[in-house]
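*Asks:* Structure file query.csv (CSV, C-alpha atoms) right here:
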```csv
chain,number,residue,atom,x,y,z
A,26,MET,CA,102.8,75.9,49.6
A,27,LYS,CA,103.0,75.6,53.4
A,28,ASN,CA,106.7,74.5,53.2
A,29,SER,CA,107.6,76.2,50.0
A,30,LEU,CA,111.0,77.9,50.0
A,31,ASP,CA,111.3,80.6,47.4
A,32,SER,CA,115.1,81.4,47.4
A,33,ALA,CA,114.8,84.2,44.9
A,34,ALA,CA,112.1,85.9,47.0
A,35,LEU,CA,114.3,85.5,50.1
A,36,ASP,CA,117.3,86.8,48.3
A,37,ALA,CA,115.4,89.9,47.2
A,38,ALA,CA,113.8,90.5,50.6
A,39,ILE,CA,117.1,90.3,52.5
A,40,GLU,CA,118.8,92.6,50.0
A,41,ASN,CA,115.9,95.1,50.4
A,42,VAL,CA,116.7,95.3,54.2
A,43,HIS,CA,120.2,96.3,53.4
A,44,ARG,CA,119.1,98.8,50.8
A,45,ALA,CA,116.7,100.3,53.3
A,46,GLY,CA,119.6,101.2,55.5
A,47,ILE,CA,120.8,98.3,57.6
A,48,PRO,CA,124.6,97.9,57.0
A,49,GLY,CA,124.5,94.1,57.2
A,50,VAL,CA,121.8,91.5,57.7
A,51,PHE,CA,122.0,87.7,57.6
A,52,ALA,CA,119.5,84.9,58.1
A,53,GLU,CA,118.6,81.2,57.9
A,54,VAL,CA,115.1,79.9,56.9
A,55,ARG,CA,114.1,76.3,57.1
A,56,ALA,CA,111.1,74.7,55.6
A,57,GLY,CA,110.8,71.0,56.2
A,58,ASP,CA,114.2,69.5,55.1
A,59,ARG,CA,115.0,72.5,52.9
A,60,VAL,CA,117.4,75.3,54.1
A,61,TRP,CA,118.1,78.7,52.8
A,62,ARG,CA,120.9,80.9,54.2
A,63,GLY,CA,121.5,84.4,53.0
A,64,ALA,CA,123.3,87.7,53.8
A,65,ALA,CA,123.4,91.2,52.4
A,66,GLY,CA,125.6,94.2,53.1
A,67,VAL,CA,128.7,94.7,55.1
A,68,ALA,CA,130.1,93.6,58.5
A,69,ASP,CA,132.3,96.6,58.6
A,70,VAL,CA,131.3,99.9,57.0
A,71,ALA,CA,134.9,101.2,57.1
A,72,THR,CA,136.5,98.3,55.2
A,73,GLY,CA,133.5,97.0,53.2
A,74,ARG,CA,134.1,93.5,54.6
A,75,PRO,CA,130.9,91.5,53.7
A,76,VAL,CA,128.6,90.0,56.2
A,77,THR,CA,128.1,86.3,56.0
A,78,ALA,CA,125.3,83.9,57.2
A,79,GLY,CA,127.7,82.0,59.6
A,80,MET,CA,128.8,85.0,61.7
A,81,ARG,CA,128.5,84.9,65.5
A,82,HIS,CA,126.3,87.7,66.8
A,83,ARG,CA,125.0,89.2,70.0
A,84,VAL,CA,121.4,88.0,70.1
A,85,GLY,CA,120.1,90.0,73.0
A,86,SER,CA,116.9,88.9,74.7
A,87,VAL,CA,116.7,85.7,72.7
A,88,SER,CA,118.8,84.7,75.7
A,89,LYS,CA,115.7,84.8,77.8
A,90,THR,CA,114.3,81.6,76.2
A,91,PHE,CA,117.5,79.8,77.2
A,92,ALA,CA,117.3,81.0,80.8
A,93,ALA,CA,113.6,80.2,81.0
A,94,ALA,CA,114.3,76.6,79.8
A,95,ALA,CA,117.0,76.2,82.5
A,96,VAL,CA,114.5,77.2,85.2
A,97,LEU,CA,111.8,74.9,83.8
A,98,GLN,CA,114.2,72.0,83.8
A,99,LEU,CA,114.8,72.5,87.5
A,100,ALA,CA,111.1,72.8,88.1
A,101,GLU,CA,110.6,69.5,86.4
A,102,ALA,CA,113.2,68.0,88.8
A,103,GLY,CA,111.3,69.4,91.7
A,104,ARG,CA,114.2,71.8,92.7
A,105,ILE,CA,112.3,75.0,91.9
A,106,GLY,CA,108.6,75.7,92.3
A,107,LEU,CA,107.2,77.9,89.6
A,108,ASP,CA,104.6,79.2,92.0
A,109,THR,CA,106.9,79.5,94.9
A,110,PRO,CA,107.6,83.1,96.1
A,111,ILE,CA,111.0,84.4,95.1
A,112,GLY,CA,111.5,85.6,98.6
A,113,ARG,CA,111.9,82.0,99.8
A,114,TYR,CA,114.9,81.6,97.5
A,115,LEU,CA,116.4,85.1,97.5
A,116,PRO,CA,115.0,86.9,100.6
A,117,GLU,CA,117.9,89.3,100.6
A,118,LEU,CA,117.2,90.5,97.0
A,119,VAL,CA,113.4,90.7,97.2
A,120,PRO,CA,112.5,91.2,100.8
A,121,GLY,CA,109.3,91.5,102.7
A,122,GLU,CA,105.8,91.5,101.2
A,123,ARG,CA,107.1,91.8,97.7
A,124,GLY,CA,109.3,88.7,98.0
A,125,ASP,CA,106.2,86.8,99.3
A,126,ALA,CA,104.0,88.1,96.5
A,127,ILE,CA,106.2,87.6,93.5
A,128,THR,CA,106.6,84.0,92.2
A,129,VAL,CA,109.2,82.5,90.0
A,130,ARG,CA,106.5,82.2,87.3
A,131,MET,CA,105.9,85.9,87.4
A,132,LEU,CA,109.5,86.6,86.9
A,133,ILE,CA,109.7,84.4,83.8
A,134,GLY,CA,106.5,85.9,82.3
A,135,HIS,CA,107.3,89.6,83.2
A,136,THR,CA,104.3,89.9,85.5
A,137,SER,CA,106.2,90.7,88.7
A,138,GLY,CA,105.7,94.4,88.6
A,139,LEU,CA,109.4,95.0,89.1
A,140,ALA,CA,110.9,98.0,87.3
A,141,GLU,CA,113.6,97.9,84.6
A,142,TYR,CA,117.0,98.7,86.1
A,143,LEU,CA,118.5,100.1,82.9
A,144,PRO,CA,117.5,103.8,83.3
A,145,HIS,CA,119.1,103.7,86.7
A,146,ALA,CA,122.4,102.0,85.6
A,147,TYR,CA,122.8,104.3,82.6
A,148,PRO,CA,122.4,107.9,83.9
A,149,SER,CA,121.9,109.4,80.4
A,150,LEU,CA,118.9,107.1,79.9
A,151,LYS,CA,117.2,108.0,83.2
A,152,ALA,CA,114.3,109.7,81.3
A,153,LEU,CA,113.2,106.4,79.6
A,154,PRO,CA,110.7,105.6,78.3
A,155,VAL,CA,110.7,109.3,77.1
A,156,VAL,CA,113.4,108.7,74.5
A,157,ALA,CA,113.7,112.4,73.4
A,158,ASP,CA,115.0,113.3,76.8
A,159,THR,CA,117.7,110.7,76.8
A,160,SER,CA,121.2,110.8,75.3
A,161,PRO,CA,123.6,108.0,74.4
A,162,ARG,CA,126.5,109.5,76.4
A,163,SER,CA,126.5,106.8,79.1
A,164,LEU,CA,126.6,104.0,76.5
A,165,ASP,CA,130.2,105.2,75.9
A,166,ASP,CA,130.9,105.7,79.6
A,167,HIS,CA,130.0,102.1,80.4
A,168,ARG,CA,131.7,100.3,77.5
A,169,PHE,CA,134.1,98.5,79.8
A,170,THR,CA,132.1,98.7,83.1
A,171,ARG,CA,131.9,95.5,85.0
A,172,PHE,CA,128.4,95.6,86.6
A,173,ASP,CA,127.5,93.6,89.6
A,174,PRO,CA,124.1,91.8,88.9
A,175,VAL,CA,123.1,92.2,92.6
A,176,GLU,CA,123.5,95.9,92.3
A,177,LEU,CA,121.5,96.0,89.1
A,178,ILE,CA,118.7,93.9,90.7
A,179,GLY,CA,118.8,96.4,93.6
A,180,MET,CA,118.1,99.3,91.2
A,181,GLY,CA,115.1,97.5,89.8
A,182,VAL,CA,113.7,96.3,93.1
A,183,THR,CA,114.1,99.7,94.8
A,184,ALA,CA,112.6,101.7,91.9
A,185,PRO,CA,108.9,102.4,92.0
A,186,ALA,CA,106.8,99.3,91.0
A,187,VAL,CA,105.4,99.3,87.5
A,188,GLY,CA,102.6,96.9,88.4
A,189,THR,CA,101.2,94.6,91.0
A,190,PRO,CA,102.5,91.0,91.2
A,191,GLY,CA,100.5,88.9,88.9
A,192,GLY,CA,98.6,91.8,87.5
A,193,ALA,CA,97.7,92.4,83.9
A,194,PRO,CA,99.2,93.7,81.7
A,195,GLY,CA,102.7,92.8,82.9
A,196,VAL,CA,105.7,95.0,82.1
A,197,TYR,CA,108.8,93.7,80.4
A,198,SER,CA,111.8,94.1,82.7
A,199,ASN,CA,115.3,92.7,82.6
A,200,THR,CA,115.3,92.8,86.4
A,201,ASN,CA,113.2,89.7,86.3
A,202,TYR,CA,115.8,87.7,84.4
A,203,LEU,CA,118.7,88.8,86.4
A,204,LEU,CA,116.8,87.5,89.4
A,205,LEU,CA,116.3,84.2,87.6
A,206,GLY,CA,120.0,84.1,87.1
A,207,ARG,CA,120.6,84.5,90.8
A,208,LEU,CA,117.9,81.8,91.5
A,209,LEU,CA,119.7,79.4,89.2
A,210,GLU,CA,123.0,80.0,91.1
A,211,ARG,CA,121.3,79.7,94.5
A,212,VAL,CA,119.6,76.4,93.7
A,213,THR,CA,122.4,74.7,91.8
A,214,GLY,CA,125.5,76.3,93.4
A,215,THR,CA,126.8,77.0,89.9
A,216,PRO,CA,127.0,80.3,88.1
A,217,ALA,CA,123.9,80.8,86.0
A,218,GLU,CA,125.8,81.1,82.7
A,219,GLN,CA,127.7,77.9,83.4
A,220,TYR,CA,124.5,76.0,84.3
A,221,ILE,CA,122.7,77.2,81.2
A,222,THR,CA,125.7,76.3,79.1
A,223,ARG,CA,125.8,72.7,80.4
A,224,ASN,CA,122.1,72.0,80.6
A,225,VAL,CA,120.6,73.9,77.7
A,226,ILE,CA,123.3,74.9,75.2
A,227,GLU,CA,125.3,71.7,75.3
A,228,ARG,CA,122.1,69.6,75.6
A,229,ALA,CA,121.0,71.2,72.3
A,230,GLY,CA,124.4,70.5,70.7
A,231,LEU,CA,125.0,74.1,69.9
A,232,ARG,CA,128.6,74.6,68.8
A,233,ASP,CA,128.7,78.4,68.2
A,234,THR,CA,126.6,79.6,71.2
A,235,GLY,CA,127.8,80.8,74.5
A,236,PHE,CA,128.0,83.6,77.0
A,237,PRO,CA,130.8,86.2,76.6
A,238,THR,CA,133.8,86.0,79.0
A,239,GLY,CA,135.0,89.5,78.0
A,240,ALA,CA,134.1,92.5,76.0
A,241,HIS,CA,135.1,91.0,72.6
A,242,LEU,CA,133.1,88.8,70.2
A,243,VAL,CA,134.7,85.7,68.9
A,244,GLU,CA,135.4,85.7,65.1
A,245,PRO,CA,133.8,85.7,62.7
A,246,HIS,CA,131.5,88.5,63.6
A,247,SER,CA,130.1,91.8,62.4
A,248,ARG,CA,130.6,95.1,64.0
A,249,LEU,CA,127.5,96.4,65.7
A,250,TYR,CA,126.3,100.0,64.9
A,251,GLU,CA,124.1,102.0,67.3
A,252,ALA,CA,122.2,105.0,66.1
A,253,TRP,CA,120.2,105.8,69.3
A,254,PHE,CA,117.2,107.3,67.4
A,255,GLY,CA,119.4,109.5,65.2
A,256,MET,CA,121.4,111.0,68.1
A,257,ILE,CA,124.5,109.0,67.0
A,258,ASP,CA,125.3,110.0,63.4
A,259,PRO,CA,127.0,108.2,61.9
A,260,PRO,CA,126.1,105.1,64.0
A,261,ARG,CA,128.9,104.1,66.4
A,262,ASP,CA,130.5,100.6,66.6
A,263,TYR,CA,129.6,98.9,69.9
A,264,SER,CA,130.7,95.4,69.0
A,265,VAL,CA,133.4,95.6,71.8
A,266,TYR,CA,131.3,96.0,74.9
A,267,ASP,CA,131.2,94.4,78.4
A,268,MET,CA,127.9,92.7,78.5
A,269,SER,CA,127.6,92.4,82.3
A,270,TRP,CA,125.0,95.2,82.1
A,271,THR,CA,122.5,92.5,80.9
A,272,GLY,CA,123.9,89.1,82.0
A,273,VAL,CA,121.7,86.1,81.4
A,274,ALA,CA,118.9,88.3,80.3
A,275,ALA,CA,120.4,89.3,77.0
A,276,SER,CA,124.2,88.7,76.6
A,277,LEU,CA,124.2,85.4,74.7
A,278,ILE,CA,126.3,85.1,71.5
A,279,SER,CA,125.0,82.7,68.8
A,280,THR,CA,124.5,82.1,65.1
A,281,VAL,CA,121.4,82.0,63.0
A,282,SER,CA,121.9,78.2,62.5
A,283,ASP,CA,122.3,77.5,66.2
A,284,LEU,CA,119.2,79.6,67.1
A,285,ASN,CA,117.1,77.6,64.6
A,286,ARG,CA,118.5,74.3,66.0
A,287,PHE,CA,117.7,75.4,69.6
A,288,TYR,CA,114.1,76.3,68.9
A,289,ARG,CA,113.5,73.2,66.8
A,290,LEU,CA,114.6,71.0,69.7
A,291,LEU,CA,112.7,73.1,72.2
A,292,LEU,CA,109.4,72.7,70.3
A,293,ALA,CA,110.2,69.0,69.8
A,294,GLY,CA,110.2,68.5,73.6
A,295,GLU,CA,114.0,67.7,73.7
A,296,ILE,CA,115.0,70.7,75.9
A,297,VAL,CA,112.1,70.7,78.3
A,298,ARG,CA,109.2,68.3,78.6
A,299,PRO,CA,106.1,68.9,76.5
A,300,SER,CA,104.1,69.8,79.7
A,301,SER,CA,106.7,72.5,80.4
A,302,LEU,CA,106.6,73.7,76.8
A,303,ALA,CA,102.8,74.1,77.1
A,304,GLN,CA,103.4,76.3,80.1
A,305,MET,CA,105.9,78.4,78.1
A,306,GLN,CA,103.2,78.9,75.5
A,307,ARG,CA,100.5,80.0,77.9
A,308,THR,CA,100.5,83.8,77.3
A,309,GLY,CA,99.2,87.0,78.9
A,310,PRO,CA,99.5,90.7,77.9
A,311,VAL,CA,102.9,92.4,78.6
A,312,VAL,CA,104.0,95.9,77.8
A,313,THR,CA,107.3,96.0,76.0
A,314,HIS,CA,110.1,98.6,76.4
A,315,GLU,CA,108.7,100.3,73.3
A,316,GLY,CA,105.2,100.6,74.9
A,317,ALA,CA,103.5,98.0,72.7
A,318,VAL,CA,101.4,95.3,74.3
A,319,ILE,CA,102.3,91.7,73.2
A,320,ASP,CA,101.2,88.3,74.3
A,321,TYR,CA,104.1,86.8,76.4
A,322,GLY,CA,104.5,83.3,77.9
A,323,LEU,CA,107.4,82.0,79.8
A,324,GLY,CA,110.4,83.1,77.8
A,325,LEU,CA,108.5,82.7,74.5
A,326,TYR,CA,106.0,84.8,72.6
A,327,PRO,CA,103.9,84.2,69.5
A,328,MET,CA,104.0,86.0,66.1
A,329,GLU,CA,101.1,85.6,63.7
A,330,GLU,CA,99.2,87.3,61.0
A,331,PRO,CA,95.4,86.9,60.4
A,332,GLY,CA,94.7,83.6,58.7
A,333,GLN,CA,98.2,82.4,59.1
A,334,ASP,CA,99.9,79.8,61.3
A,335,THR,CA,101.4,80.9,64.7
A,336,PHE,CA,105.1,81.1,65.2
A,337,TRP,CA,106.9,81.0,68.5
A,338,GLY,CA,110.2,82.4,69.6
A,339,HIS,CA,111.9,85.5,70.8
A,340,GLY,CA,113.6,88.7,69.6
A,341,GLY,CA,116.4,90.6,71.1
A,342,MET,CA,118.3,93.9,71.0
A,343,VAL,CA,121.6,95.1,72.5
A,344,TRP,CA,123.7,98.1,71.7
A,345,GLY,CA,124.1,97.9,67.9
A,346,GLY,CA,122.8,94.4,67.4
A,347,GLY,CA,119.5,92.6,67.0
A,348,ALA,CA,118.1,89.2,66.3
A,349,LEU,CA,114.8,87.4,65.8
A,350,ALA,CA,114.2,83.6,65.9
A,351,MET,CA,110.8,82.1,65.3
A,352,ILE,CA,109.5,78.6,64.6
A,353,ARG,CA,106.1,77.5,63.4
A,354,ALA,CA,104.0,75.7,66.0
A,355,ASP,CA,104.4,72.4,64.1
A,356,GLY,CA,108.2,72.8,64.0
A,357,GLU,CA,108.3,72.5,60.2
A,358,ARG,CA,109.2,76.1,59.3
A,359,GLN,CA,111.5,78.6,61.0
A,360,LEU,CA,113.6,81.6,60.6
A,361,ALA,CA,116.5,83.3,62.4
A,362,VAL,CA,117.5,86.9,61.3
A,363,ALA,CA,120.3,89.1,62.6
A,364,VAL,CA,121.0,92.8,61.9
A,365,ASN,CA,124.0,94.9,62.8
A,366,MET,CA,122.3,98.2,63.5
A,367,GLN,CA,119.8,99.2,66.1
A,368,ARG,CA,117.4,102.2,66.9
A,369,TRP,CA,117.6,103.6,63.4
A,370,ASN,CA,114.3,105.5,63.7
A,371,GLY,CA,114.6,109.3,64.1
A,372,LEU,CA,112.2,111.2,66.4
A,373,ASP,CA,109.4,113.5,65.4
A,374,ALA,CA,108.6,116.8,67.1
A,375,SER,CA,106.6,115.0,69.8
A,376,GLY,CA,109.5,112.7,70.5
A,377,ASP,CA,107.9,109.6,69.0
A,378,PRO,CA,109.9,107.3,66.6
A,379,LEU,CA,109.4,108.1,62.9
A,380,PRO,CA,108.6,105.4,60.4
A,381,HIS,CA,111.7,104.1,58.6
A,382,PRO,CA,112.0,102.0,55.4
A,383,ILE,CA,113.9,99.5,57.4
A,384,ASP,CA,110.8,98.7,59.4
A,385,ASP,CA,108.8,97.8,56.3
A,386,ALA,CA,111.7,95.9,54.7
A,387,LEU,CA,112.2,93.7,57.8
A,388,ALA,CA,108.5,93.0,58.1
A,389,ALA,CA,108.5,91.9,54.4
A,390,LEU,CA,111.5,89.6,55.0
A,391,TYR,CA,109.7,88.1,58.0
A,392,ARG,CA,106.6,87.5,56.0
A,393,VAL,CA,108.5,85.8,53.1
A,394,ALA,CA,110.5,83.7,55.6
A,395,MET,CA,107.4,82.6,57.6
A,396,TYR,CA,104.8,82.2,55.0
A,397,GLY,CA,106.6,81.8,51.7
```
Go ahead and express the file in the form of structure tokens.
*Replies:*
Amino acid sequence: MKNSLDSAALDAAIENVHRAGIPGVFAEVRAGDRVWRGAAGVADVATGRPVTAGMRHRVGSVSKTFAAAAVLQLAEAGRIGLDTPIGRYLPELVPGERGDAITVRMLIGHTSGLAEYLPHAYPSLKALPVVADTSPRSLDDHRFTRFDPVELIGMGVTAPAVGTPGGAPGVYSNTNYLLLGRLLERVTGTPAEQYITRNVIERAGLRDTGFPTGAHLVEPHSRLYEAWFGMIDPPRDYSVYDMSWTGVAASLISTVSDLNRFYRLLLAGEIVRPSSLAQMQRTGPVVTHEGAVIDYGLGLYPMEEPGQDTFWGHGGMVWGGGALAMIRADGERQLAVAVNMQRWNGLDASGDPLPHPIDDALAALYRVAMYG
């Protein structure tokens, strides 16, 4: 049963995600040498164009595993020290005592204590994490804004610290990964996106994965619908969007097949050495943007249910789009799922997200995909 692949159950589970309210969802599940690909719903609510399993998609923070792998490759080559203070590499970005206290490892694992820059870059989101006091207005205002990563980093570094360097729990922050992007550029003399492309994406043989060069996705792709906790009704299409607001932290475009291939090679020791992979899988508590505490390693985190095998991977969200890619520790079973709507939960009178049938339907799809 460990590698059973129930196509009928997967077909039903993915259809249930669409019926629960996601316009379009697509996925690939692998079990041993067996592969299932499925899709349900539409890529465009206006035309009814169907979503397909081969579409390119903004995969959000799944990008972080790619960036972490690039840094670890350079650590293997002796060009970056994981426990070296970031101030030695980028003293102008993290100056003084903080630059001396925050190491590269802390950035990769979100234990630097550096704040998230997003509420400062998007004025209507300044009340985060108090969602009820936000509005989606600045999402429209910044659709074609070309952000400077140095300015975004400055917002996170100058904001009040959210923890002490190396302290527990850590706090998830995109500021950490924008700094890693600048670190890659400083050490290699190559733009981070270009370095990751050459040394991670191409090394993995991924043909439909890359960083955007403009605001548009390459066809074929789905439109991406943002609901912002019920404040955008009907949800608005944000598939055309300048992704400089997130850079190497979350701007990658990929397919479910490419994501599965990448994580399969990563766990096989073909992207970084097994010793580096072991460090990626060494976890500690980190508080997510949603306020949950998860175990987080170096660009990887585990998913597991009691009595079941552990899966490793990463999830991601951008405006309107989301993805999750996970692989079992033995590399023999994996899933990659993409959805074309985000933040579908409304808010209750206290401002907390309300339960939504989509949450249960996605959880059911993940269970069938992971455990059969």
*Asks:* For the atom pair CA of Glu101 (chain A) and CA of Gly338 (chain A), what is the interatomic distance in Å to one decimal place?
*Replies:* 21.2 Å
*Asks:* For Asn285 (chain A), which residue out of A:Tyr202, A:Trp337, A:Trp369, A:Tyr147 is the nearest one, using all atoms listed in the file?
*Replies:*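 Between A:Tyr202, A:Trp337, A:Trp369, A:Tyr147, the residue approaching Asn285 (chain A) most closely is A:Trp337.
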*Asks:* So, counting only C-alpha atoms, which residue among A:Ala37, A:Ile47, A:Val54, A:Leu292 is closest to Met305 (chain A)?
*Replies:*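 That would be A:Leu292, the residue with the smallest distance to Met305 (chain A).
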*Asks:* Closest to Ala102 (chain A) among A:Tyr391, A:Ile319, A:Gln359, A:Val297, using only C-alpha atoms?
*Replies:*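 The closest residue to Ala102 (chain A) is A:Val297.
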*Asks:* Given the point (128.7, 108.8, 78.1) in the coordinates of this file, which residues lie within 12 Å, counting all atoms listed in the file, and how would they look as a PyMOL selection string?
*Replies:* chain A and resi 146-150+159-170+257
*Asks:* What's the separation between CA of Tyr220 (chain A) and CA of Ile296 (chain A), in Å to one decimal place?
*Replies:*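 For CA of Tyr220 (chain A) relative to CA of Ile296 (chain A), the distance reads 13.7 Å.
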*Asks:* Kindly indicate which residue among A:Gln98, A:Ser29, A:Ser247, A:Thr335 lies nearest to Ala78 (chain A), using all atoms listed in the file for the distances.
*Replies:*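 Result for the nearest residue to Ala78 (chain A): A:Ser247.
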*Asks:* Quick one: everything within 8 Å of Ile278 (chain A), counting only C-alpha atoms, minus sequence neighbours fewer than 6 positions away in the same chain. Send it as an mmCIF file with C-alpha atoms, in the coordinates of the input.
*Replies:*
```cif
data_model
loop_
_atom_site.group_PDB
_atom_site.id
_atom_site.type_symbol
_atom_site.label_atom_id
_atom_site.label_comp_id
_atom_site.auth_asym_id
_atom_site.auth_seq_id
_atom_site.Cartn_x
_atom_site.Cartn_y
_atom_site.Cartn_z
ATOM 1 C CA ARG A 81 128.500 84.900 65.500
ATOM 2 C CA HIS A 82 126.300 87.700 66.800
ATOM 3 C CA ARG A 83 125.000 89.200 70.000
ATOM 4 C CA VAL A 84 121.400 88.000 70.100
ATOM 5 C CA ASP A 233 128.700 78.400 68.200
ATOM 6 C CA THR A 234 126.600 79.600 71.200
ATOM 7 C CA GLY A 235 127.800 80.800 74.500
ATOM 8 C CA PHE A 236 128.000 83.600 77.000
ATOM 9 C CA PRO A 237 130.800 86.200 76.600
ATOM 10 C CA LEU A 242 133.100 88.800 70.200
#
```
*Asks:* Just give me the gap between CA of Val196 (chain A) and CA of Ala140 (chain A) in Å, one decimal is fine.
*Replies:*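 Going from CA of Val196 (chain A) over to CA of Ala140 (chain A) covers 7.9 Å.
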*Asks:* Of the residues A:Ile178, A:Ala100, A:Ile133, A:Ala240, which is the one nearest to Thr308 (chain A), using only C-alpha atoms?
*Replies:*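 Going through A:Ile178, A:Ala100, A:Ile133, A:Ala240 one by one, the smallest distance to Thr308 (chain A) is for A:Ile133.
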